[in-house]
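Listing of entry.pdb, PDB, C-alpha atoms
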ATOM      1  CA  MET A 283      84.306  77.888 142.874
ATOM      2  CA  ASP A 284      83.709  76.680 146.445
ATOM      3  CA  LEU A 285      87.035  77.485 148.089
ATOM      4  CA  THR A 286      85.982  75.621 151.225
ATOM      5  CA  VAL A 287      85.893  72.376 149.256
ATOM      6  CA  VAL A 288      89.218  73.245 147.602
ATOM      7  CA  TRP A 289      90.849  73.752 150.983
ATOM      8  CA  ALA A 290      89.332  70.550 152.330
ATOM      9  CA  PHE A 291      90.919  68.643 149.448
ATOM     10  CA  LEU A 292      94.260  70.433 149.873
ATOM     11  CA  ILE A 293      94.412  69.507 153.557
ATOM     12  CA  ALA A 294      93.321  65.940 152.799
ATOM     13  CA  PHE A 295      96.051  65.759 150.137
ATOM     14  CA  ALA A 296      98.672  67.037 152.594
ATOM     15  CA  VAL A 297      97.653  64.455 155.204
ATOM     16  CA  ALA A 298      97.658  61.657 152.621
ATOM     17  CA  ALA A 299     101.085  62.752 151.350
ATOM     18  CA  TYR A 300     102.403  62.731 154.914
ATOM     19  CA  VAL A 301     101.064  59.229 155.561
ATOM     20  CA  VAL A 302     102.585  57.958 152.318
ATOM     21  CA  LEU A 303     105.963  59.668 152.630
ATOM     22  CA  ASP A 304     106.609  59.702 156.378
ATOM     23  CA  GLY A 305     104.874  56.394 157.069
ATOM     24  CA  PHE A 306     107.655  54.216 155.711
ATOM     25  CA  ASP A 307     110.453  55.968 157.613
ATOM     26  CA  LEU A 308     108.460  55.790 160.859
ATOM     27  CA  GLY A 309     107.958  52.119 160.009
ATOM     28  CA  ILE A 310     111.705  51.603 159.697
ATOM     29  CA  GLY A 311     112.081  53.132 163.157
ATOM     30  CA  ILE A 312     109.470  50.715 164.505
ATOM     31  CA  LEU A 313     111.341  47.751 162.995
ATOM     32  CA  PHE A 314     114.772  49.069 163.983
ATOM     33  CA  PRO A 315     115.435  46.760 166.986
ATOM     34  CA  ALA A 316     114.849  43.739 164.737
ATOM     35  CA  PHE A 317     117.882  44.606 162.598
ATOM     36  CA  ARG A 318     121.396  43.597 163.575
ATOM     37  CA  VAL A 319     123.605  46.192 165.203
ATOM     38  CA  GLY A 320     126.132  47.546 162.736
ATOM     39  CA  LYS A 321     125.799  47.311 158.969
ATOM     40  CA  GLU A 322     122.099  46.394 158.890
ATOM     41  CA  ARG A 323     121.001  49.296 161.065
ATOM     42  CA  ASP A 324     123.258  51.656 159.156
ATOM     43  CA  GLN A 325     121.726  50.543 155.860
ATOM     44  CA  ALA A 326     118.213  50.956 157.248
ATOM     45  CA  MET A 327     119.059  54.509 158.311
ATOM     46  CA  ASN A 328     120.726  55.334 154.996
ATOM     47  CA  ALA A 329     117.635  54.130 153.126
ATOM     48  CA  ILE A 330     115.679  57.104 154.494
ATOM     49  CA  ALA A 331     118.407  59.610 155.398
ATOM     50  CA  PRO A 332     118.117  61.826 152.273
ATOM     51  CA  VAL A 333     114.320  62.239 152.474
ATOM     52  CA  TRP A 334     113.013  61.725 156.016
ATOM     53  CA  ASP A 335     113.025  65.365 157.166
ATOM     54  CA  GLY A 336     111.438  66.665 153.943
ATOM     55  CA  ASN A 337     108.560  64.206 154.331
ATOM     56  CA  GLU A 338     107.338  66.015 157.437
ATOM     57  CA  THR A 339     106.746  69.177 155.393
ATOM     58  CA  TRP A 340     103.321  67.733 154.586
ATOM     59  CA  LEU A 341     102.462  67.436 158.278
ATOM     60  CA  VAL A 342     103.212  71.136 158.727
ATOM     61  CA  LEU A 343     101.138  71.991 155.658
ATOM     62  CA  GLY A 344      98.182  69.943 156.893
ATOM     63  CA  GLY A 345      98.245  71.412 160.398
ATOM     64  CA  GLY A 346      98.863  74.948 159.220
ATOM     65  CA  GLY A 347      96.176  74.661 156.555
ATOM     66  CA  LEU A 348      93.643  73.440 159.107
ATOM     67  CA  MET A 349      94.380  76.401 161.372
ATOM     68  CA  ALA A 350      94.146  78.926 158.539
ATOM     69  CA  ALA A 351      91.266  77.517 156.471
ATOM     70  CA  PHE A 352      89.143  75.985 159.242
ATOM     71  CA  PRO A 353      89.984  77.968 162.390
ATOM     72  CA  LEU A 354      86.898  76.870 164.347
ATOM     73  CA  ALA A 355      87.732  73.200 163.802
ATOM     74  CA  TYR A 356      91.343  73.841 164.804
ATOM     75  CA  ALA A 357      90.222  75.608 167.993
ATOM     76  CA  ILE A 358      88.048  72.620 168.954
ATOM     77  CA  ILE A 359      90.284  69.743 167.861
ATOM     78  CA  LEU A 360      93.480  71.006 169.474
ATOM     79  CA  PRO A 361      92.267  71.118 173.112
ATOM     80  CA  ALA A 362      90.418  67.833 172.613
ATOM     81  CA  LEU A 363      93.577  66.073 171.441
ATOM     82  CA  TYR A 364      96.358  67.920 173.263
ATOM     83  CA  ALA A 365      97.787  64.787 174.865
ATOM     84  CA  PRO A 366      98.247  62.594 171.758
ATOM     85  CA  LEU A 367      99.331  65.552 169.620
ATOM     86  CA  ILE A 368     101.999  66.601 172.124
ATOM     87  CA  ALA A 369     103.129  62.967 172.393
ATOM     88  CA  MET A 370     103.405  62.823 168.585
ATOM     89  CA  LEU A 371     105.521  65.973 168.427
ATOM     90  CA  LEU A 372     107.800  64.786 171.229
ATOM     91  CA  GLY A 373     108.220  61.447 169.473
ATOM     92  CA  LEU A 374     109.160  63.191 166.223
ATOM     93  CA  VAL A 375     111.660  65.386 168.093
ATOM     94  CA  PHE A 376     113.243  62.364 169.795
ATOM     95  CA  ARG A 377     113.643  60.427 166.554
ATOM     96  CA  GLY A 378     114.933  63.490 164.680
ATOM     97  CA  VAL A 379     117.641  64.174 167.246
ATOM     98  CA  ALA A 380     118.541  60.486 167.522
ATOM     99  CA  PHE A 381     118.735  60.191 163.738
ATOM    100  CA  GLU A 382     121.598  62.654 163.491
ATOM    101  CA  PHE A 383     123.324  62.034 166.819
ATOM    102  CA  ARG A 384     123.773  58.287 166.303
ATOM    103  CA  TRP A 385     126.270  59.190 163.565
ATOM    104  CA  ARG A 386     127.956  62.049 165.413
ATOM    105  CA  ASP A 387     128.164  60.373 168.820
ATOM    106  CA  PRO A 388     129.030  56.704 168.147
ATOM    107  CA  GLY A 389     129.981  56.157 171.791
ATOM    108  CA  HIS A 390     126.321  56.391 172.777
ATOM    109  CA  ARG A 391     124.879  54.813 169.643
ATOM    110  CA  PRO A 392     122.811  52.161 171.494
ATOM    111  CA  ALA A 393     121.009  54.936 173.382
ATOM    112  CA  TRP A 394     120.369  56.885 170.184
ATOM    113  CA  ASP A 395     119.111  53.734 168.439
ATOM    114  CA  SER A 396     116.654  53.182 171.294
ATOM    115  CA  ALA A 397     115.527  56.812 171.124
ATOM    116  CA  PHE A 398     114.995  56.486 167.370
ATOM    117  CA  CYS A 399     112.821  53.416 167.818
ATOM    118  CA  VAL A 400     110.870  54.714 170.826
ATOM    119  CA  GLY A 401     110.281  58.080 169.146
ATOM    120  CA  SER A 402     108.994  56.339 166.012
ATOM    121  CA  VAL A 403     106.619  54.103 167.984
ATOM    122  CA  ILE A 404     105.293  56.977 170.093
ATOM    123  CA  ALA A 405     104.765  59.265 167.091
ATOM    124  CA  THR A 406     102.987  56.534 165.121
ATOM    125  CA  PHE A 407     100.805  55.393 168.012
ATOM    126  CA  ALA A 408      99.865  59.007 168.818
ATOM    127  CA  GLN A 409      98.854  59.618 165.193
ATOM    128  CA  GLY A 410      96.644  56.539 165.236
ATOM    129  CA  VAL A 411      95.081  57.511 168.562
ATOM    130  CA  THR A 412      94.411  61.022 167.223
ATOM    131  CA  LEU A 413      92.627  59.562 164.206
ATOM    132  CA  GLY A 414      90.571  57.211 166.371
ATOM    133  CA  ALA A 415      89.603  59.977 168.775
ATOM    134  CA  LEU A 416      88.533  62.192 165.885
ATOM    135  CA  LEU A 417      86.470  59.432 164.290
ATOM    136  CA  GLN A 418      84.635  58.547 167.498
ATOM    137  CA  GLY A 419      83.492  62.167 167.888
ATOM    138  CA  ILE A 420      84.447  65.250 169.866
ATOM    139  CA  THR A 421      82.098  66.869 172.366
ATOM    140  CA  ILE A 422      81.251  70.460 171.423
ATOM    141  CA  GLU A 423      79.493  73.045 173.560
ATOM    142  CA  GLY A 424      78.641  76.168 171.622
ATOM    143  CA  ARG A 425      81.781  76.920 169.626
ATOM    144  CA  ALA A 426      84.304  75.270 171.933
ATOM    145  CA  TYR A 427      85.447  71.854 173.111
ATOM    146  CA  GLY A 428      83.146  70.607 175.838
ATOM    147  CA  GLY A 429      84.739  67.297 176.822
ATOM    148  CA  GLY A 430      87.357  66.195 179.331
ATOM    149  CA  TRP A 431      91.096  65.639 179.252
ATOM    150  CA  TRP A 432      90.846  61.854 178.783
ATOM    151  CA  ASP A 433      87.979  61.658 176.261
ATOM    152  CA  TRP A 434      90.443  60.696 173.525
ATOM    153  CA  LEU A 435      91.442  57.521 175.386
ATOM    154  CA  THR A 436      89.033  54.729 174.384
ATOM    155  CA  PRO A 437      89.349  51.120 173.185
ATOM    156  CA  PHE A 438      88.694  52.287 169.618
ATOM    157  CA  SER A 439      91.450  54.942 169.680
ATOM    158  CA  LEU A 440      93.880  52.392 171.127
ATOM    159  CA  LEU A 441      92.906  50.011 168.321
ATOM    160  CA  THR A 442      93.591  52.640 165.651
ATOM    161  CA  GLY A 443      96.905  53.480 167.328
ATOM    162  CA  ALA A 444      98.037  49.854 167.331
ATOM    163  CA  SER A 445      96.764  49.362 163.764
ATOM    164  CA  LEU A 446      98.794  52.290 162.469
ATOM    165  CA  ILE A 447     101.944  50.839 164.054
ATOM    166  CA  VAL A 448     101.375  47.623 162.109
ATOM    167  CA  GLY A 449     100.608  49.519 158.891
ATOM    168  CA  TYR A 450     103.648  51.791 159.069
ATOM    169  CA  ALA A 451     105.877  48.828 159.911
ATOM    170  CA  LEU A 452     104.629  47.103 156.744
ATOM    171  CA  LEU A 453     105.407  50.223 154.696
ATOM    172  CA  GLY A 454     108.879  50.380 156.252
ATOM    173  CA  ALA A 455     109.592  46.749 155.443
ATOM    174  CA  ALA A 456     108.381  47.204 151.866
ATOM    175  CA  TRP A 457     110.598  50.281 151.435
ATOM    176  CA  LEU A 458     113.656  48.339 152.606
ATOM    177  CA  ILE A 459     112.843  45.532 150.183
ATOM    178  CA  TRP A 460     112.978  48.104 147.410
ATOM    179  CA  LYS A 461     116.030  50.059 148.572
ATOM    180  CA  THR A 462     118.384  47.419 150.002
ATOM    181  CA  GLU A 463     120.018  44.126 149.105
ATOM    182  CA  GLY A 464     121.391  41.108 150.880
ATOM    183  CA  LYS A 465     120.607  40.106 154.443
ATOM    184  CA  ILE A 466     118.647  43.198 155.428
ATOM    185  CA  GLN A 467     116.424  42.846 152.361
ATOM    186  CA  ALA A 468     115.757  39.201 153.209
ATOM    187  CA  ASP A 469     114.852  40.193 156.776
ATOM    188  CA  ALA A 470     112.552  42.949 155.539
ATOM    189  CA  ARG A 471     110.824  40.515 153.186
ATOM    190  CA  ARG A 472     110.296  38.081 156.058
ATOM    191  CA  PHE A 473     108.898  40.832 158.294
ATOM    192  CA  ALA A 474     106.494  41.892 155.542
ATOM    193  CA  ARG A 475     105.100  38.353 155.283
ATOM    194  CA  TYR A 476     104.121  38.518 158.959
ATOM    195  CA  LEU A 477     102.961  42.120 158.898
ATOM    196  CA  LEU A 478     100.598  41.780 155.930
ATOM    197  CA  PRO A 479      98.147  39.393 157.690
ATOM    198  CA  ALA A 480      98.407  41.510 160.847
ATOM    199  CA  MET A 481      97.523  44.650 158.887
ATOM    200  CA  LEU A 482      94.555  42.943 157.232
ATOM    201  CA  VAL A 483      93.227  41.899 160.631
ATOM    202  CA  ALA A 484      93.725  45.410 162.008
ATOM    203  CA  LEU A 485      92.068  46.949 158.951
ATOM    204  CA  ALA A 486      89.104  44.602 159.286
ATOM    205  CA  LEU A 487      88.628  45.364 162.994
ATOM    206  CA  VAL A 488      88.750  49.139 162.463
ATOM    207  CA  SER A 489      86.454  48.916 159.424
ATOM    208  CA  LEU A 490      83.888  46.814 161.277
ATOM    209  CA  ALA A 491      83.873  49.127 164.298
ATOM    210  CA  THR A 492      83.792  52.481 162.489
ATOM    211  CA  PRO A 493      80.223  52.411 161.040
ATOM    212  CA  PHE A 494      78.804  51.927 164.535
ATOM    213  CA  LEU A 495      80.576  54.908 166.094
ATOM    214  CA  GLU A 496      78.234  57.427 164.472
ATOM    215  CA  GLU A 497      74.859  56.955 162.795
ATOM    216  CA  LYS A 498      76.064  59.067 159.876
ATOM    217  CA  TYR A 499      78.922  56.625 159.241
ATOM    218  CA  TYR A 500      76.465  53.756 158.908
ATOM    219  CA  GLU A 501      74.257  55.762 156.560
ATOM    220  CA  ARG A 502      77.165  56.858 154.359
ATOM    221  CA  TRP A 503      78.430  53.294 153.961
ATOM    222  CA  PHE A 504      75.249  51.257 153.709
ATOM    223  CA  ASP A 505      72.767  53.660 152.100
ATOM    224  CA  TRP A 506      72.742  54.736 148.478
ATOM    225  CA  PRO A 507      75.129  55.852 146.907
ATOM    226  CA  GLY A 508      77.717  54.877 149.551
ATOM    227  CA  LEU A 509      76.775  51.252 148.999
ATOM    228  CA  LEU A 510      78.402  51.456 145.564
ATOM    229  CA  VAL A 511      81.764  51.880 147.298
ATOM    230  CA  ALA A 512      81.097  49.618 150.290
ATOM    231  CA  LEU A 513      80.364  46.552 148.192
ATOM    232  CA  PRO A 514      83.577  46.422 146.094
ATOM    233  CA  MET A 515      85.879  47.697 148.883
ATOM    234  CA  PRO A 516      86.583  44.225 150.428
ATOM    235  CA  LEU A 517      87.360  42.878 146.952
ATOM    236  CA  LEU A 518      89.754  45.748 146.250
ATOM    237  CA  VAL A 519      91.518  45.195 149.583
ATOM    238  CA  ALA A 520      91.780  41.471 148.849
ATOM    239  CA  ALA A 521      93.206  42.197 145.387
ATOM    240  CA  ALA A 522      95.813  44.603 146.790
ATOM    241  CA  ALA A 523      96.768  42.153 149.530
ATOM    242  CA  SER A 524      97.086  39.349 146.970
ATOM    243  CA  GLY A 525      99.305  41.513 144.798
ATOM    244  CA  LEU A 526     101.510  42.320 147.779
ATOM    245  CA  TRP A 527     101.752  38.682 148.821
ATOM    246  CA  TYR A 528     102.561  37.590 145.258
ATOM    247  CA  SER A 529     105.302  40.202 144.932
ATOM    248  CA  LEU A 530     106.801  39.085 148.249
ATOM    249  CA  ARG A 531     106.834  35.456 147.181
ATOM    250  CA  HIS A 532     108.304  36.142 143.728
ATOM    251  CA  ARG A 533     111.166  38.394 144.804
ATOM    252  CA  ARG A 534     109.913  41.626 143.288
ATOM    253  CA  ASP A 535     111.744  44.574 144.842
ATOM    254  CA  ALA A 536     109.656  47.676 144.082
ATOM    255  CA  TYR A 537     106.203  46.111 143.806
ATOM    256  CA  PRO A 538     105.637  45.355 147.525
ATOM    257  CA  PHE A 539     105.950  49.025 148.425
ATOM    258  CA  PHE A 540     103.373  50.150 145.884
ATOM    259  CA  TRP A 541     100.973  47.355 146.817
ATOM    260  CA  ALA A 542     101.316  48.369 150.465
ATOM    261  CA  LEU A 543     100.607  51.970 149.471
ATOM    262  CA  SER A 544      97.474  50.807 147.665
ATOM    263  CA  LEU A 545      96.194  49.299 150.931
ATOM    264  CA  PHE A 546      96.730  52.644 152.646
ATOM    265  CA  LEU A 547      95.024  54.429 149.746
ATOM    266  CA  LEU A 548      91.960  52.216 150.083
ATOM    267  CA  ALA A 549      91.886  52.833 153.844
ATOM    268  CA  MET A 550      92.078  56.600 153.267
ATOM    269  CA  ILE A 551      89.262  56.439 150.708
ATOM    270  CA  GLY A 552      87.145  54.644 153.287
ATOM    271  CA  LEU A 553      88.013  57.284 155.857
ATOM    272  CA  ALA A 554      87.044  60.068 153.441
ATOM    273  CA  ILE A 555      83.687  58.430 152.732
ATOM    274  CA  SER A 556      82.995  58.113 156.451
ATOM    275  CA  MET A 557      83.830  61.741 157.267
ATOM    276  CA  TRP A 558      82.786  63.799 154.239
ATOM    277  CA  PRO A 559      81.696  66.588 154.404
ATOM    278  CA  ASP A 560      82.482  66.933 158.121
ATOM    279  CA  VAL A 561      85.748  68.200 159.541
ATOM    280  CA  ILE A 562      84.686  67.002 163.005
ATOM    281  CA  PRO A 563      82.600  63.905 162.256
ATOM    282  CA  GLY A 564      78.973  64.202 163.230
ATOM    283  CA  ARG A 565      79.530  67.625 164.784
ATOM    284  CA  LEU A 566      80.923  70.236 162.395
ATOM    285  CA  SER A 567      80.906  70.428 158.594
ATOM    286  CA  ILE A 568      83.655  72.048 156.550
ATOM    287  CA  TRP A 569      81.351  74.972 155.743
ATOM    288  CA  ASP A 570      80.501  75.568 159.417
ATOM    289  CA  ALA A 571      84.195  75.698 160.336
ATOM    290  CA  ALA A 572      85.523  77.602 157.306
ATOM    291  CA  ALA A 573      87.383  80.913 157.373
ATOM    292  CA  PRO A 574      85.931  83.848 155.404
ATOM    293  CA  TYR A 575      86.078  83.644 151.610
ATOM    294  CA  SER A 576      88.591  86.510 151.358
ATOM    295  CA  SER A 577      90.951  84.756 153.781
ATOM    296  CA  GLN A 578      90.701  81.467 151.896
ATOM    297  CA  LEU A 579      91.379  83.226 148.587
ATOM    298  CA  PHE A 580      94.402  85.057 149.988
ATOM    299  CA  MET A 581      95.889  81.824 151.361
ATOM    300  CA  LEU A 582      95.134  79.935 148.161
ATOM    301  CA  VAL A 583      97.473  82.244 146.228
ATOM    302  CA  GLY A 584     100.330  81.277 148.525
ATOM    303  CA  ALA A 585      99.400  77.594 148.404
ATOM    304  CA  ALA A 586      99.284  77.686 144.590
ATOM    305  CA  ILE A 587     102.912  78.843 144.617
ATOM    306  CA  LEU A 588     104.312  76.744 147.464
ATOM    307  CA  ILE A 589     102.693  73.347 146.867
ATOM    308  CA  PRO A 590     104.148  72.905 143.332
ATOM    309  CA  ILE A 591     107.570  73.931 144.691
ATOM    310  CA  ILE A 592     107.304  71.342 147.468
ATOM    311  CA  LEU A 593     106.197  68.680 144.985
ATOM    312  CA  ILE A 594     109.091  69.477 142.620
ATOM    313  CA  TYR A 595     111.615  69.466 145.467
ATOM    314  CA  THR A 596     110.257  66.188 146.840
ATOM    315  CA  GLY A 597     110.254  64.506 143.445
ATOM    316  CA  TRP A 598     113.785  65.732 142.717
ATOM    317  CA  SER A 599     115.059  64.444 146.076
ATOM    318  CA  TYR A 600     113.678  60.973 145.454
ATOM    319  CA  TRP A 601     115.064  60.997 141.914
ATOM    320  CA  VAL A 602     118.572  62.031 142.993
ATOM    321  CA  PHE A 603     118.709  59.339 145.669
ATOM    322  CA  ARG A 604     117.057  56.606 143.610
ATOM    323  CA  GLY A 605     118.488  53.121 143.461
ATOM    324  CA  LYS A 606     119.806  50.743 146.070
ATOM    325  CA  VAL A 607     121.548  51.847 149.255
ATOM    326  CA  GLY A 608     125.202  50.861 149.403
ATOM    327  CA  ASP A 609     127.588  50.542 152.332
ATOM    328  CA  GLU A 610     128.453  54.237 152.326
ATOM    329  CA  GLY A 611     125.020  55.749 151.804
ATOM    330  CA  TYR A 612     124.058  59.289 152.781
ATOM    331  CA  HIS A 613     125.979  59.325 156.054
ATOM    332  CA  LYS A 614     129.653  58.460 155.911
ATOM    333  CA  HIS A 615     131.545  56.819 158.727
TER
END

This structure in structure tokens:
Amino acid sequence: MDLTVVWAFLIAFAVAAYVVLDGFDLGIGILFPAFRVGKERDQAMNAIAPVWDGNETWLVLGGGGLMAAFPLAYAIILPALYAPLIAMLLGLVFRGVAFEFRWRDPGHRPAWDSAFCVGSVIATFAQGVTLGALLQGITIEGRAYGGGWWDWLTPFSLLTGASLIVGYALLGAAWLIWKTEGKIQADARRFARYLLPAMLVALALVSLATPFLEEKYYERWFDWPGLLVALPMPLLVAAAASGLWYSLRHRRDAYPFFWALSLFLLAMIGLAISMWPDVIPGRLSIWDAAAPYSSQLFMLVGAAILIPIILIYTGWSYWVFRGKVGDEGYHKH
């Protein structure tokens, strides 16, 4: 068994789980100013209150797994992307503090609402910029980062940052359609109708630009056998978008969220095709960056125990708090 490949898939799974599970609650934070002060904002918060902090477990697993399984990649990526990564962490801290304090300190609730929104936008934008900077390539000299402080800041990374804001906002709106009723659900459905075309435009722009960032990207997409995936991908995206639009028009509550997730899944498949088998695209493969076999095997034992526990806990949390959000919700006034 090639443990390097196993660890690459485990880290990819953790990142995908984070995007799926934390994306919609960051999206609700992005949309937060659009909801009316009072009951609507309280319902939006209560829709994610039982699960939001557990979702970020996958971010810790992905980052920790990268450091342990691919230490060389971690040592290069971190200094290359210090600025957006620190901004992401600060944004997550701001929104986490604001999430709890808006209930405990109602006298300053407008300030905490603003912090929740700003933290969500900053964290999301920083994640998108990090992805864009990684895709466009990182300068390596020997076994260390060889670029400058601002190399991550390019038009492409700004595009991916803005695109992720749109995508997470769509996920957040779709989640609220599923979990709420009444006025806030109607607002979320209206937001989703605007956000879907915006996401498709953003997805098209990023997809068109990506193959020309690195020669390997172009080869993986437009040479055999990558062409087998490239040809049906636009049709699959169109089918998912049509399903989402249909479910929005026909008042389906749960379907919009899963159709929105399918768009993210297709985007992540495209990303995997572009990068595989590199951990730093065009620079460093997973085998070049891997930890020794004995270290990977030792860590895999722990992962084999912890990941099922996390999955069971996560599934149980969503099951316990299934159904629509009422006026009381998770936090009580």

Residues near stretch 469-475 of chain A, cut-off 6 Å, all atoms listed in the file, skip fewer than 2 positions along chain, as a PyMOL selection string
chain A and resi 452+455+459+466-467+477-478

Using only C-alpha atoms: which of A:Cys399, A:Gly320, A:Thr406, A:Val607 has the shortest distance to A:Tyr300
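Result for the nearest residue to A:Tyr300: A:Thr406.
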
Using all atoms listed in the file, pick whichever of A:Phe352, A:Ile330, A:Pro479, A:Leu313 has the shortest atom-to-atom distance to A:Ser567.
A:Phe352

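Minimum atom-to-atom distance to A:Val379, evaluated using all atoms listed in the file, belongs to A:Ala397 out of A:Ala397, A:Leu303, A:Ala357, A:Ile592.
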
I need the output of the PyMOL selection byres ((chain A and resi 427) around 7) for this file as a PDB file with C-alpha atoms, in the frame of the given file; which residues are they?
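Final output, selection28.pdb:
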ATOM      1  CA  ILE A 358      88.048  72.620 168.954  1.00  0.00           C
ATOM      2  CA  PRO A 361      92.267  71.118 173.112  1.00  0.00           C
ATOM      3  CA  ALA A 362      90.418  67.833 172.613  1.00  0.00           C
ATOM      4  CA  THR A 421      82.098  66.869 172.366  1.00  0.00           C
ATOM      5  CA  ILE A 422      81.251  70.460 171.423  1.00  0.00           C
ATOM      6  CA  GLU A 423      79.493  73.045 173.560  1.00  0.00           C
ATOM      7  CA  ALA A 426      84.304  75.270 171.933  1.00  0.00           C
ATOM      8  CA  GLY A 428      83.146  70.607 175.838  1.00  0.00           C
ATOM      9  CA  GLY A 429      84.739  67.297 176.822  1.00  0.00           C
TER      10      GLY A 429
END

List the neighbours of A:Ser439 out to 9 Å using all atoms listed in the file; skip same-chain residues closer than 2 positions along the sequence, and give me the result as a PyMOL selection string.
chain A and resi 410-418+434-437+441-444

Which residues are near stretch 321-325 of chain A? Cut-off 7 Å, all atoms listed in the file, ignore same chain within fewer than 3 positions. Put them as a PyMOL selection string.
chain A and resi 314+317-318+328-329+466+607+609

Quick one: distance from atom CA of A:Arg425 to atom CA of A:Leu354 in Å, one decimal?
7.4 Å
